[in-house]
file upload.pdb (PDB, C-alpha atoms)
ATOM      1  CA  MET L   1     -12.122  22.612 -74.019
ATOM      2  CA  THR L   2     -15.552  24.175 -74.286
ATOM      3  CA  SER L   3     -18.662  22.583 -72.852
ATOM      4  CA  PRO L   4     -19.982  21.416 -76.250
ATOM      5  CA  ALA L   5     -16.593  19.902 -77.039
ATOM      6  CA  LEU L   6     -16.496  18.122 -73.677
ATOM      7  CA  ARG L   7     -20.015  16.821 -74.200
ATOM      8  CA  ALA L   8     -19.126  15.546 -77.675
ATOM      9  CA  ARG L   9     -16.017  13.828 -76.337
ATOM     10  CA  TYR L  10     -18.002  12.242 -73.502
ATOM     11  CA  LEU L  11     -20.624  10.941 -75.941
ATOM     12  CA  THR L  12     -17.965   9.583 -78.275
ATOM     13  CA  ASP L  13     -16.158   7.879 -75.399
ATOM     14  CA  SER L  14     -19.452   6.454 -74.109
ATOM     15  CA  VAL L  15     -20.266   4.887 -77.453
ATOM     16  CA  THR L  16     -16.779   3.578 -78.230
ATOM     17  CA  THR L  17     -16.396   1.918 -74.832
ATOM     18  CA  ALA L  18     -19.927   0.501 -74.575
ATOM     19  CA  THR L  19     -20.671  -3.194 -74.827
ATOM     20  CA  PRO L  20     -23.035  -4.368 -77.591
ATOM     21  CA  GLY L  21     -25.813  -4.657 -74.997
ATOM     22  CA  GLN L  22     -25.197  -1.136 -73.759
ATOM     23  CA  LEU L  23     -25.220   0.170 -77.341
ATOM     24  CA  LEU L  24     -28.572  -1.502 -77.921
ATOM     25  CA  VAL L  25     -29.983   0.120 -74.786
ATOM     26  CA  MET L  26     -28.613   3.498 -75.933
ATOM     27  CA  LEU L  27     -30.450   3.085 -79.240
ATOM     28  CA  TYR L  28     -33.674   2.182 -77.467
ATOM     29  CA  ASP L  29     -33.260   5.126 -75.072
ATOM     30  CA  ARG L  30     -32.881   7.494 -78.008
ATOM     31  CA  LEU L  31     -35.815   5.857 -79.801
ATOM     32  CA  VAL L  32     -38.064   6.480 -76.805
ATOM     33  CA  LEU L  33     -36.744  10.028 -76.431
ATOM     34  CA  ASP L  34     -37.490  10.759 -80.091
ATOM     35  CA  MET L  35     -41.024   9.439 -79.664
ATOM     36  CA  VAL L  36     -41.595  11.501 -76.517
ATOM     37  CA  ARG L  37     -40.320  14.641 -78.227
ATOM     38  CA  ALA L  38     -42.386  13.964 -81.358
ATOM     39  CA  GLU L  39     -45.515  13.390 -79.330
ATOM     40  CA  GLU L  40     -44.970  16.599 -77.352
ATOM     41  CA  ALA L  41     -44.264  18.596 -80.521
ATOM     42  CA  LEU L  42     -47.412  17.264 -82.201
ATOM     43  CA  ARG L  43     -49.522  18.174 -79.186
ATOM     44  CA  ALA L  44     -47.995  21.674 -79.302
ATOM     45  CA  GLY L  45     -48.790  21.961 -83.014
ATOM     46  CA  ASN L  46     -45.160  21.967 -84.112
ATOM     47  CA  ARG L  47     -45.279  19.531 -87.038
ATOM     48  CA  LEU L  48     -41.773  20.341 -88.299
ATOM     49  CA  THR L  49     -40.049  19.459 -85.023
ATOM     50  CA  ALA L  50     -42.282  16.432 -84.598
ATOM     51  CA  SER L  51     -41.421  15.220 -88.084
ATOM     52  CA  GLU L  52     -37.686  15.464 -87.385
ATOM     53  CA  HIS L  53     -38.061  13.284 -84.294
ATOM     54  CA  VAL L  54     -40.388  10.801 -85.983
ATOM     55  CA  ILE L  55     -37.994  10.423 -88.906
ATOM     56  CA  HIS L  56     -35.075   9.876 -86.525
ATOM     57  CA  ALA L  57     -37.110   7.253 -84.658
ATOM     58  CA  GLN L  58     -37.823   5.525 -87.973
ATOM     59  CA  GLU L  59     -34.110   5.533 -88.802
ATOM     60  CA  ILE L  60     -33.329   3.880 -85.470
ATOM     61  CA  LEU L  61     -36.002   1.247 -86.058
ATOM     62  CA  MET L  62     -34.634   0.564 -89.551
ATOM     63  CA  GLU L  63     -31.140   0.153 -88.114
ATOM     64  CA  LEU L  64     -32.455  -2.215 -85.442
ATOM     65  CA  ARG L  65     -34.301  -4.167 -88.139
ATOM     66  CA  VAL L  66     -31.409  -4.557 -90.568
ATOM     67  CA  THR L  67     -28.950  -5.572 -87.852
ATOM     68  CA  LEU L  68     -31.318  -8.142 -86.358
ATOM     69  CA  ASP L  69     -30.150 -11.694 -87.026
ATOM     70  CA  THR L  70     -33.447 -13.501 -87.513
ATOM     71  CA  SER L  71     -31.711 -16.882 -87.565
ATOM     72  CA  SER L  72     -30.149 -16.493 -84.117
ATOM     73  CA  TRP L  73     -33.271 -17.036 -81.979
ATOM     74  CA  SER L  74     -36.910 -17.933 -82.475
ATOM     75  CA  GLY L  75     -38.290 -14.567 -81.350
ATOM     76  CA  ALA L  76     -36.246 -12.555 -83.844
ATOM     77  CA  THR L  77     -38.792 -12.859 -86.646
ATOM     78  CA  GLY L  78     -41.534 -11.489 -84.414
ATOM     79  CA  LEU L  79     -39.289  -8.637 -83.320
ATOM     80  CA  ALA L  80     -38.524  -7.841 -86.971
ATOM     81  CA  GLN L  81     -42.258  -7.754 -87.676
ATOM     82  CA  LEU L  82     -42.783  -5.424 -84.721
ATOM     83  CA  TYR L  83     -40.076  -3.083 -86.024
ATOM     84  CA  ALA L  84     -41.769  -3.037 -89.449
ATOM     85  CA  PHE L  85     -45.150  -2.327 -87.825
ATOM     86  CA  LEU L  86     -43.688   0.524 -85.769
ATOM     87  CA  ILE L  87     -42.065   2.082 -88.835
ATOM     88  CA  THR L  88     -45.394   1.951 -90.686
ATOM     89  CA  GLU L  89     -47.251   3.435 -87.722
ATOM     90  CA  LEU L  90     -44.739   6.255 -87.338
ATOM     91  CA  ILE L  91     -44.977   7.092 -91.028
ATOM     92  CA  ALA L  92     -48.763   7.305 -90.734
ATOM     93  CA  ALA L  93     -48.518   9.342 -87.523
ATOM     94  CA  ASN L  94     -46.135  11.753 -89.196
ATOM     95  CA  ILE L  95     -48.320  12.178 -92.280
ATOM     96  CA  ARG L  96     -51.498  12.681 -90.258
ATOM     97  CA  GLY L  97     -49.934  14.528 -87.320
ATOM     98  CA  GLU L  98     -51.298  12.024 -84.795
ATOM     99  CA  ALA L  99     -49.676  12.376 -81.389
ATOM    100  CA  ASP L 100     -51.700   9.487 -79.960
ATOM    101  CA  ARG L 101     -50.346   7.151 -82.620
ATOM    102  CA  VAL L 102     -46.772   8.083 -81.712
ATOM    103  CA  GLY L 103     -47.682   7.525 -78.060
ATOM    104  CA  SER L 104     -49.045   4.072 -78.863
ATOM    105  CA  CYS L 105     -45.771   3.181 -80.565
ATOM    106  CA  ARG L 106     -43.856   4.438 -77.541
ATOM    107  CA  THR L 107     -45.901   2.230 -75.205
ATOM    108  CA  LEU L 108     -44.850  -0.778 -77.299
ATOM    109  CA  VAL L 109     -41.168   0.191 -77.289
ATOM    110  CA  GLU L 110     -40.711   1.094 -73.611
ATOM    111  CA  PRO L 111     -41.126  -2.466 -72.253
ATOM    112  CA  LEU L 112     -38.678  -3.722 -74.872
ATOM    113  CA  ARG L 113     -36.158  -1.069 -73.873
ATOM    114  CA  ASP L 114     -36.572  -2.029 -70.222
ATOM    115  CA  ALA L 115     -36.113  -5.723 -71.020
ATOM    116  CA  TRP L 116     -32.959  -5.050 -73.054
ATOM    117  CA  ARG L 117     -31.613  -2.847 -70.260
ATOM    118  CA  GLU L 118     -32.210  -5.609 -67.728
ATOM    119  CA  ALA L 119     -30.517  -8.152 -70.005
ATOM    120  CA  ALA L 120     -27.532  -5.847 -70.578
ATOM    121  CA  MET L 121     -27.132  -5.290 -66.849
ATOM    122  CA  ALA L 122     -27.185  -9.052 -66.253
ATOM    123  CA  GLN L 123     -24.204  -9.550 -68.567
ATOM    124  CA  PRO L 124     -20.822  -9.552 -66.854
ATOM    125  CA  GLU L 125     -18.603  -6.607 -67.687
ATOM    126  CA  PRO L 126     -15.926  -7.594 -70.199
ATOM    127  CA  ALA L 127     -12.450  -7.760 -68.760
ATOM    128  CA  THR L 128      -9.910  -5.171 -69.768
ATOM    129  CA  PRO L 129      -6.912  -6.597 -71.642
ATOM    130  CA  ALA L 130      -4.834  -6.316 -68.459
ATOM    131  CA  GLU L 131      -7.476  -8.132 -66.388
ATOM    132  CA  ALA L 132      -7.758 -10.849 -69.012
ATOM    133  CA  ALA L 133      -3.982 -11.354 -68.990
ATOM    134  CA  VAL L 134      -3.913 -11.629 -65.182
ATOM    135  CA  ALA L 135      -6.792 -14.120 -65.250
ATOM    136  CA  ARG L 136      -4.933 -16.319 -67.781
ATOM    137  CA  VAL L 137      -1.788 -16.347 -65.607
ATOM    138  CA  ALA L 138      -3.638 -17.054 -62.367
TER     139      ALA L 138
END

call {"tool": "encode", "arguments": {"input": "upload.pdb", "output": "structure tokens"}}
result
Amino acid sequence: MTSPALRARYLTDSVTTATPGQLLVMLYDRLVLDMVRAEEALRAGNRLTASEHVIHAQEILMELRVTLDTSSWSGATGLAQLYAFLITELIAANIRGEADRVGSCRTLVEPLRDAWREAAMAQPEPATPAEAAVARVA
């Protein structure tokens, strides 16, 4: 297998074996990465590259928003509002080419990503089917 094929397989395996919490952290990691890359591209004057990253960040935020169950906990509505605000800010930043605006969005997202990562790490690893069977017998 070639290196790109190995990388693709690794990424696929990482996603298919990840817990829901780990998947959420992966989305947040990519969201932050897109914002960093967009901000850097805007500062370098590369609006096309910046736009690609901003649009991808918006897509992630829209996915986070539509999959958020606002009836499951009291803070969900506020989080949904934050996602909507971030989408609006990123649209404006993209239109106006404002790196600082993208950076401001990133500073709002990074603490959330860190909190989700901490929560995901606090969750016990799910048992494999074999481990679950042994635990039921024991």

call {"tool": "residues_around", "arguments": {"input": "upload.pdb", "residues": "Ala80 in chain L", "least_positions_apart": "4", "cutoff": "12 Å", "atoms": "only C-alpha atoms", "output": "number ranges by chain"}}
result
L: 61-71, 73-76, 84-87

call {"tool": "residues_around", "arguments": {"input": "upload.pdb", "residues": "Ser51 in chain L", "least_positions_apart": "6", "cutoff": "9 Å", "atoms": "all atoms listed in the file", "output": "list in words"}}
result
Ala38, Ala41, Leu42, Asn94, Ile95 and Gly97 of chain L

call {"tool": "write_last_selection", "arguments": {"input": "upload.pdb", "atoms": "C-alpha atoms", "output": "short mmCIF file (atom, residue, chain, number, x, y, z; two decimals), keeping the file's coordinate frame"}}
result
data_model
loop_
_atom_site.label_atom_id
_atom_site.label_comp_id
_atom_site.auth_asym_id
_atom_site.auth_seq_id
_atom_site.Cartn_x
_atom_site.Cartn_y
_atom_site.Cartn_z
CA ALA L 38 -42.39 13.96 -81.36
CA ALA L 41 -44.26 18.60 -80.52
CA LEU L 42 -47.41 17.26 -82.20
CA ASN L 94 -46.14 11.75 -89.20
CA ILE L 95 -48.32 12.18 -92.28
CA GLY L 97 -49.93 14.53 -87.32
#

call {"tool": "atom_distance", "arguments": {"input": "upload.pdb", "atom1": "CA of Gly103 in chain L", "atom2": "CA of Ile91 in chain L"}}
result
13.3 Å

call {"tool": "atom_distance", "arguments": {"input": "upload.pdb", "atom1": "CA of Thr19 in chain L", "atom2": "CA of Ala57 in chain L"}}
result
21.8 Å

call {"tool": "closest_atom_pairs", "arguments": {"input": "upload.pdb", "of": "range 14-83 of chain L", "to": "range 104-126 of chain L", "cutoff": "12 Å", "atoms": "only C-alpha atoms", "output": "JSON lines"}}
result
{"residue": "L:Thr17", "atom": "CA", "partner": "L:Pro126", "partner_atom": "CA", "distance": 10.6}
{"residue": "L:Ala18", "atom": "CA", "partner": "L:Glu125", "partner_atom": "CA", "distance": 10.0}
{"residue": "L:Thr19", "atom": "CA", "partner": "L:Pro126", "partner_atom": "CA", "distance": 8.0}
{"residue": "L:Pro20", "atom": "CA", "partner": "L:Ala120", "partner_atom": "CA", "distance": 8.5}
{"residue": "L:Gly21", "atom": "CA", "partner": "L:Ala120", "partner_atom": "CA", "distance": 4.9}
{"residue": "L:Gln22", "atom": "CA", "partner": "L:Ala120", "partner_atom": "CA", "distance": 6.1}
{"residue": "L:Leu23", "atom": "CA", "partner": "L:Ala120", "partner_atom": "CA", "distance": 9.3}
{"residue": "L:Leu24", "atom": "CA", "partner": "L:Trp116", "partner_atom": "CA", "distance": 7.5}
{"residue": "L:Val25", "atom": "CA", "partner": "L:Arg117", "partner_atom": "CA", "distance": 5.7}
{"residue": "L:Met26", "atom": "CA", "partner": "L:Arg117", "partner_atom": "CA", "distance": 9.0}
{"residue": "L:Leu27", "atom": "CA", "partner": "L:Arg113", "partner_atom": "CA", "distance": 8.9}
{"residue": "L:Tyr28", "atom": "CA", "partner": "L:Arg113", "partner_atom": "CA", "distance": 5.4}
{"residue": "L:Asp29", "atom": "CA", "partner": "L:Arg113", "partner_atom": "CA", "distance": 6.9}
{"residue": "L:Arg30", "atom": "CA", "partner": "L:Arg113", "partner_atom": "CA", "distance": 10.1}
{"residue": "L:Leu31", "atom": "CA", "partner": "L:Val109", "partner_atom": "CA", "distance": 8.2}
{"residue": "L:Val32", "atom": "CA", "partner": "L:Arg106", "partner_atom": "CA", "distance": 6.2}
{"residue": "L:Leu33", "atom": "CA", "partner": "L:Arg106", "partner_atom": "CA", "distance": 9.1}
{"residue": "L:Asp34", "atom": "CA", "partner": "L:Arg106", "partner_atom": "CA", "distance": 9.3}
{"residue": "L:Met35", "atom": "CA", "partner": "L:Arg106", "partner_atom": "CA", "distance": 6.1}
{"residue": "L:Val36", "atom": "CA", "partner": "L:Arg106", "partner_atom": "CA", "distance": 7.5}
{"residue": "L:Arg37", "atom": "CA", "partner": "L:Arg106", "partner_atom": "CA", "distance": 10.8}
{"residue": "L:Ala38", "atom": "CA", "partner": "L:Arg106", "partner_atom": "CA", "distance": 10.4}
{"residue": "L:Glu39", "atom": "CA", "partner": "L:Arg106", "partner_atom": "CA", "distance": 9.3}
{"residue": "L:Val54", "atom": "CA", "partner": "L:Cys105", "partner_atom": "CA", "distance": 10.8}
{"residue": "L:Ala57", "atom": "CA", "partner": "L:Arg106", "partner_atom": "CA", "distance": 10.2}
{"residue": "L:Gln58", "atom": "CA", "partner": "L:Cys105", "partner_atom": "CA", "distance": 11.1}
{"residue": "L:Ile60", "atom": "CA", "partner": "L:Val109", "partner_atom": "CA", "distance": 11.9}
{"residue": "L:Leu61", "atom": "CA", "partner": "L:Val109", "partner_atom": "CA", "distance": 10.2}
{"residue": "L:Leu79", "atom": "CA", "partner": "L:Leu112", "partner_atom": "CA", "distance": 9.8}
{"residue": "L:Leu82", "atom": "CA", "partner": "L:Leu108", "partner_atom": "CA", "distance": 9.0}
{"residue": "L:Tyr83", "atom": "CA", "partner": "L:Val109", "partner_atom": "CA", "distance": 9.4}

call {"tool": "write_last_selection", "arguments": {"input": "upload.pdb", "atoms": "C-alpha atoms", "output": "CSV table (one decimal), keeping the file's coordinate frame"}}
result
chain,number,residue,atom,x,y,z
L,17,THR,CA,-16.4,1.9,-74.8
L,18,ALA,CA,-19.9,0.5,-74.6
L,19,THR,CA,-20.7,-3.2,-74.8
L,20,PRO,CA,-23.0,-4.4,-77.6
L,21,GLY,CA,-25.8,-4.7,-75.0
L,22,GLN,CA,-25.2,-1.1,-73.8
L,23,LEU,CA,-25.2,0.2,-77.3
L,24,LEU,CA,-28.6,-1.5,-77.9
L,25,VAL,CA,-30.0,0.1,-74.8
L,26,MET,CA,-28.6,3.5,-75.9
L,27,LEU,CA,-30.4,3.1,-79.2
L,28,TYR,CA,-33.7,2.2,-77.5
L,29,ASP,CA,-33.3,5.1,-75.1
L,30,ARG,CA,-32.9,7.5,-78.0
L,31,LEU,CA,-35.8,5.9,-79.8
L,32,VAL,CA,-38.1,6.5,-76.8
L,33,LEU,CA,-36.7,10.0,-76.4
L,34,ASP,CA,-37.5,10.8,-80.1
L,35,MET,CA,-41.0,9.4,-79.7
L,36,VAL,CA,-41.6,11.5,-76.5
L,37,ARG,CA,-40.3,14.6,-78.2
L,38,ALA,CA,-42.4,14.0,-81.4
L,39,GLU,CA,-45.5,13.4,-79.3
L,54,VAL,CA,-40.4,10.8,-86.0
L,57,ALA,CA,-37.1,7.3,-84.7
L,58,GLN,CA,-37.8,5.5,-88.0
L,60,ILE,CA,-33.3,3.9,-85.5
L,61,LEU,CA,-36.0,1.2,-86.1
L,79,LEU,CA,-39.3,-8.6,-83.3
L,82,LEU,CA,-42.8,-5.4,-84.7
L,83,TYR,CA,-40.1,-3.1,-86.0

call {"tool": "atom_distance", "arguments": {"input": "upload.pdb", "atom1": "CA of Thr49 in chain L", "atom2": "CA of Glu89 in chain L"}}
result
17.8 Å

call {"tool": "build_atoms", "arguments": {"input": "upload.pdb", "residues": "range 33-44 of chain L", "atoms": "all heavy atoms", "output": "PDB file, in the frame of the given file"}}
result
ATOM      1  N   LEU L  33     -36.858   8.571 -76.535  1.00  0.00           N
ATOM      2  CA  LEU L  33     -36.744  10.028 -76.431  1.00  0.00           C
ATOM      3  C   LEU L  33     -37.293  10.711 -77.683  1.00  0.00           C
ATOM      4  O   LEU L  33     -38.028  11.703 -77.580  1.00  0.00           O
ATOM      5  CB  LEU L  33     -35.287  10.432 -76.194  1.00  0.00           C
ATOM      6  CG  LEU L  33     -35.018  11.935 -76.090  1.00  0.00           C
ATOM      7  CD1 LEU L  33     -35.752  12.540 -74.892  1.00  0.00           C
ATOM      8  CD2 LEU L  33     -33.514  12.192 -75.984  1.00  0.00           C
ATOM      9  N   ASP L  34     -36.957  10.189 -78.852  1.00  0.00           N
ATOM     10  CA  ASP L  34     -37.490  10.759 -80.091  1.00  0.00           C
ATOM     11  C   ASP L  34     -39.014  10.687 -80.119  1.00  0.00           C
ATOM     12  O   ASP L  34     -39.675  11.635 -80.543  1.00  0.00           O
ATOM     13  CB  ASP L  34     -36.921  10.039 -81.314  1.00  0.00           C
ATOM     14  CG  ASP L  34     -35.537  10.515 -81.686  1.00  0.00           C
ATOM     15  OD1 ASP L  34     -35.232  11.707 -81.482  1.00  0.00           O
ATOM     16  OD2 ASP L  34     -34.742   9.700 -82.189  1.00  0.00           O
ATOM     17  N   MET L  35     -39.566   9.581 -79.669  1.00  0.00           N
ATOM     18  CA  MET L  35     -41.024   9.439 -79.664  1.00  0.00           C
ATOM     19  C   MET L  35     -41.672  10.407 -78.680  1.00  0.00           C
ATOM     20  O   MET L  35     -42.706  11.001 -78.978  1.00  0.00           O
ATOM     21  CB  MET L  35     -41.413   7.995 -79.359  1.00  0.00           C
ATOM     22  CG  MET L  35     -41.092   7.030 -80.469  1.00  0.00           C
ATOM     23  SD  MET L  35     -41.578   5.355 -79.989  1.00  0.00           S
ATOM     24  CE  MET L  35     -41.116   4.453 -81.439  1.00  0.00           C
ATOM     25  N   VAL L  36     -41.070  10.556 -77.508  1.00  0.00           N
ATOM     26  CA  VAL L  36     -41.595  11.501 -76.517  1.00  0.00           C
ATOM     27  C   VAL L  36     -41.573  12.921 -77.086  1.00  0.00           C
ATOM     28  O   VAL L  36     -42.562  13.656 -77.007  1.00  0.00           O
ATOM     29  CB  VAL L  36     -40.795  11.422 -75.196  1.00  0.00           C
ATOM     30  CG1 VAL L  36     -41.098  12.607 -74.294  1.00  0.00           C
ATOM     31  CG2 VAL L  36     -41.070  10.115 -74.474  1.00  0.00           C
ATOM     32  N   ARG L  37     -40.452  13.286 -77.670  1.00  0.00           N
ATOM     33  CA  ARG L  37     -40.320  14.641 -78.227  1.00  0.00           C
ATOM     34  C   ARG L  37     -41.282  14.859 -79.392  1.00  0.00           C
ATOM     35  O   ARG L  37     -41.859  15.946 -79.540  1.00  0.00           O
ATOM     36  CB  ARG L  37     -38.882  14.895 -78.665  1.00  0.00           C
ATOM     37  CG  ARG L  37     -37.938  15.064 -77.489  1.00  0.00           C
ATOM     38  CD  ARG L  37     -36.521  15.270 -77.943  1.00  0.00           C
ATOM     39  NE  ARG L  37     -35.633  15.550 -76.820  1.00  0.00           N
ATOM     40  CZ  ARG L  37     -34.326  15.586 -76.910  1.00  0.00           C
ATOM     41  NH1 ARG L  37     -33.722  15.379 -78.076  1.00  0.00           N
ATOM     42  NH2 ARG L  37     -33.585  15.842 -75.839  1.00  0.00           N
ATOM     43  N   ALA L  38     -41.456  13.851 -80.231  1.00  0.00           N
ATOM     44  CA  ALA L  38     -42.386  13.964 -81.358  1.00  0.00           C
ATOM     45  C   ALA L  38     -43.815  14.123 -80.862  1.00  0.00           C
ATOM     46  O   ALA L  38     -44.563  14.968 -81.361  1.00  0.00           O
ATOM     47  CB  ALA L  38     -42.269  12.730 -82.259  1.00  0.00           C
ATOM     48  N   GLU L  39     -44.158  13.318 -79.885  1.00  0.00           N
ATOM     49  CA  GLU L  39     -45.515  13.390 -79.330  1.00  0.00           C
ATOM     50  C   GLU L  39     -45.775  14.768 -78.724  1.00  0.00           C
ATOM     51  O   GLU L  39     -46.817  15.377 -78.966  1.00  0.00           O
ATOM     52  CB  GLU L  39     -45.676  12.292 -78.281  1.00  0.00           C
ATOM     53  CG  GLU L  39     -47.081  12.106 -77.779  1.00  0.00           C
ATOM     54  CD  GLU L  39     -47.207  10.952 -76.786  1.00  0.00           C
ATOM     55  OE1 GLU L  39     -46.205  10.224 -76.548  1.00  0.00           O
ATOM     56  OE2 GLU L  39     -48.306  10.797 -76.250  1.00  0.00           O
ATOM     57  N   GLU L  40     -44.817  15.273 -77.964  1.00  0.00           N
ATOM     58  CA  GLU L  40     -44.970  16.599 -77.352  1.00  0.00           C
ATOM     59  C   GLU L  40     -45.074  17.686 -78.426  1.00  0.00           C
ATOM     60  O   GLU L  40     -45.892  18.596 -78.320  1.00  0.00           O
ATOM     61  CB  GLU L  40     -43.787  16.901 -76.426  1.00  0.00           C
ATOM     62  CG  GLU L  40     -43.788  16.080 -75.150  1.00  0.00           C
ATOM     63  CD  GLU L  40     -42.511  16.230 -74.333  1.00  0.00           C
ATOM     64  OE1 GLU L  40     -41.529  16.852 -74.820  1.00  0.00           O
ATOM     65  OE2 GLU L  40     -42.482  15.708 -73.204  1.00  0.00           O
ATOM     66  N   ALA L  41     -44.240  17.590 -79.458  1.00  0.00           N
ATOM     67  CA  ALA L  41     -44.264  18.596 -80.521  1.00  0.00           C
ATOM     68  C   ALA L  41     -45.594  18.556 -81.278  1.00  0.00           C
ATOM     69  O   ALA L  41     -46.147  19.616 -81.616  1.00  0.00           O
ATOM     70  CB  ALA L  41     -43.096  18.378 -81.478  1.00  0.00           C
ATOM     71  N   LEU L  42     -46.111  17.366 -81.526  1.00  0.00           N
ATOM     72  CA  LEU L  42     -47.412  17.264 -82.201  1.00  0.00           C
ATOM     73  C   LEU L  42     -48.519  17.871 -81.354  1.00  0.00           C
ATOM     74  O   LEU L  42     -49.384  18.583 -81.864  1.00  0.00           O
ATOM     75  CB  LEU L  42     -47.727  15.806 -82.544  1.00  0.00           C
ATOM     76  CG  LEU L  42     -46.967  15.234 -83.730  1.00  0.00           C
ATOM     77  CD1 LEU L  42     -47.177  13.733 -83.826  1.00  0.00           C
ATOM     78  CD2 LEU L  42     -47.377  15.934 -85.023  1.00  0.00           C
ATOM     79  N   ARG L  43     -48.491  17.603 -80.071  1.00  0.00           N
ATOM     80  CA  ARG L  43     -49.522  18.174 -79.186  1.00  0.00           C
ATOM     81  C   ARG L  43     -49.416  19.698 -79.122  1.00  0.00           C
ATOM     82  O   ARG L  43     -50.404  20.384 -78.931  1.00  0.00           O
ATOM     83  CB  ARG L  43     -49.418  17.564 -77.800  1.00  0.00           C
ATOM     84  CG  ARG L  43     -49.776  16.081 -77.790  1.00  0.00           C
ATOM     85  CD  ARG L  43     -50.067  15.536 -76.420  1.00  0.00           C
ATOM     86  NE  ARG L  43     -50.098  14.084 -76.417  1.00  0.00           N
ATOM     87  CZ  ARG L  43     -51.060  13.336 -76.941  1.00  0.00           C
ATOM     88  NH1 ARG L  43     -52.075  13.903 -77.534  1.00  0.00           N
ATOM     89  NH2 ARG L  43     -51.013  12.013 -76.871  1.00  0.00           N
ATOM     90  N   ALA L  44     -48.202  20.222 -79.316  1.00  0.00           N
ATOM     91  CA  ALA L  44     -47.995  21.674 -79.302  1.00  0.00           C
ATOM     92  C   ALA L  44     -48.238  22.292 -80.682  1.00  0.00           C
ATOM     93  O   ALA L  44     -48.135  23.506 -80.835  1.00  0.00           O
ATOM     94  CB  ALA L  44     -46.583  21.996 -78.825  1.00  0.00           C
TER      95      ALA L  44
END
